[in-house]
Amino acid sequence: MAHLEVDVVAADRRVWRGDAQAVSAPAADGDVGILPGHTPLLAILREGEVRITATDGATRSVRVDEGFLSVDGDKVTVVVHTATETDAGRGRGR
Amino acid sequence: MAGKQRYYRQRIKSTQALKKIFRAMELMAASRIARARESVEAAGPYSRAITRAVSAVAGHADIDHPLTRERPETNRTAVLLVTADRGMAGAYSASVLREGERLIKELTEQGQEVQLYVTGRRAVSYYTFRRRELAGSWTGFSDAPTAEVAAEIASTLLEAFLTDPSEGGVGQLHVVYTHFVNMVTQTPRVIRMLPLEVVDAPTGEDVHNEPVPLYEFEPSAEVVLDALLPQYVRSRIHSFLLQSAASELAARQQAMHTATQNAEDLIRNFTRLANQARQAEITQEISEIVSGADALAS
């Protein structure tokens, strides 16, 4: 099954890295959802929540402030200044 | 006679106390350096991602951005010196300051007017002692800089750079920091940070040499670049600070190690001298007794 390789990095650390089915992120003018096979994209993020649905169906969400998101051949990199993992929704679907 | 002995004992005692301090500083630096190197590593993915993104945008369009534009209309130049908050790190701060002075002299000869920004108390005291004006200073974090202070420094410098020249804006930004080569070698480096040179392909171990894909930009290439470049500057400054912090701790560990060994040498010498003094005293006492007995016997 095709999946996304997701990397969430903050200025001072790597927040999360793993495989996912889908990622949704708050882009500057509207949320974007990314599924495997997405066209290469470089989007500016506004403050909000990045939601990642991992391959096992669990979702996790990360609060981010300004940053950007790049999609490149099923590799998704979320690059933000600061990120905090919120536990809401983690483990759902297990 | 006994005075000499007492003198040496005192010196041994005080040197021992110093040695304890040196040893403690060495151990502290040694334990912190692991953390400092970890933070250098941890900031790696971010700066790699951002460099990659910037070069992707730069490759996409002819970029003409205020941050990449040369500004020949102003002769003001900002110089940022990254030094330590505390001494006891050998030549660490001194070599940054020396390199900085050299750069300032060079810029002045080119007709530039230098505005100084410094981090670390060593540089602040160096320049306040010489009554040189500082345009900005930050202290209190030199061995563990956070992303927040890096952001603060970067935004101050970017603001200075983007200000209109007639209102005191600067035309260039140079950074002097210490590059952490390894535990024994740290070299001061001068980098011209602004205006940004058009970014080349990213270098580093994680680079894939495939061509950069044709990105779609959201909302547009210009807006993306607008948002990226300040973040890129911030990330570079953060990495300069982290490199300097690791260098500072390595230099301190080394300096304190040498100091501990010197203290040990001193203690050894003083112990020998004290023993000699004791021996001399005993010899003298014996010869006094013997000559006294001789005088009585004859």
# chains A, B, ... in the order shown; residues from 1 in each chain; ligands from 1
$ residues_around --residues "Ala11 (chain A)" --least-positions-apart "3" --cutoff "8 Å" --atoms "only C-alpha atoms" --output "list in words"
Val79, Val80, His81 and Thr82 of chain A; Ala43, Tyr46, Ser47, Ala147 and Ser235 of chain B
$ residues_around --residues "Tyr92 (chain B)" --least-positions-apart "3" --cutoff "7 Å" --atoms "only C-alpha atoms" --output "list in words"
Ala89, Ser95, Val96, Glu248 and Ala251 of chain B
$ write_last_selection --atoms "N, CA and C atoms" --output "PDB file, in the first residue's frame"
ATOM      1  N   ALA B  89      37.627  29.535  29.489  1.00  0.00           N
ATOM      2  CA  ALA B  89      37.513  28.681  28.309  1.00  0.00           C
ATOM      3  C   ALA B  89      38.712  28.910  27.402  1.00  0.00           C
ATOM      4  N   SER B  95      39.679  34.633  20.799  1.00  0.00           N
ATOM      5  CA  SER B  95      39.944  34.464  19.362  1.00  0.00           C
ATOM      6  C   SER B  95      38.773  34.953  18.518  1.00  0.00           C
ATOM      7  N   VAL B  96      37.549  34.844  19.053  1.00  0.00           N
ATOM      8  CA  VAL B  96      36.412  35.418  18.324  1.00  0.00           C
ATOM      9  C   VAL B  96      36.562  36.935  18.255  1.00  0.00           C
ATOM     10  N   GLU B 248      32.396  26.468  22.798  1.00  0.00           N
ATOM     11  CA  GLU B 248      32.723  27.075  24.091  1.00  0.00           C
ATOM     12  C   GLU B 248      32.959  25.994  25.131  1.00  0.00           C
ATOM     13  N   ALA B 251      36.135  24.095  24.468  1.00  0.00           N
ATOM     14  CA  ALA B 251      37.300  24.902  24.827  1.00  0.00           C
ATOM     15  C   ALA B 251      37.447  24.971  26.340  1.00  0.00           C
TER      16      ALA B 251
END
$ interface_residues --of "chain B" --to "chain A" --cutoff "10 Å" --atoms "only C-alpha atoms" --output "ChimeraX atom specification"
/B:38-47,49-50,52-53,56-57,145-148,150-151,212-221,223-228,231,234-235,238-239,242
$ select_by_dssp --residues "region 129-193 of chain B" --states "strand (DSSP E or B)" --output "list in words"
Gly136, Ser137, Trp138, Gln172, Leu173, His174, Val175, Val176, Tyr177, Thr178, His179, Phe180, Gln186, Thr187, Pro188, Arg189, Val190, Ile191, Arg192 and Met193 of chain B
$ residues_around --residues "Val149 (chain B)" --least-positions-apart "4" --cutoff "10 Å" --atoms "only C-alpha atoms" --output "PyMOL selection string"
chain B and resi 138-139+141+145+153-155+234+237-238+241
$ write_last_selection --atoms "C-alpha atoms" --output "tab-separated table (two decimals), in the first residue's frame"
chain	number	residue	atom	x	y	z
B	138	TRP	CA	22.28	39.49	24.26
B	139	THR	CA	23.64	37.60	27.25
B	141	PHE	CA	22.51	31.73	27.18
B	145	PRO	CA	21.02	28.78	23.22
B	153	ILE	CA	18.46	37.95	17.47
B	154	ALA	CA	17.47	37.16	13.91
B	155	SER	CA	14.46	39.44	13.99
B	234	ARG	CA	16.80	32.39	11.83
B	237	ILE	CA	21.74	32.04	13.32
B	238	HIS	CA	20.44	29.31	15.60
B	241	LEU	CA	24.79	29.83	18.25
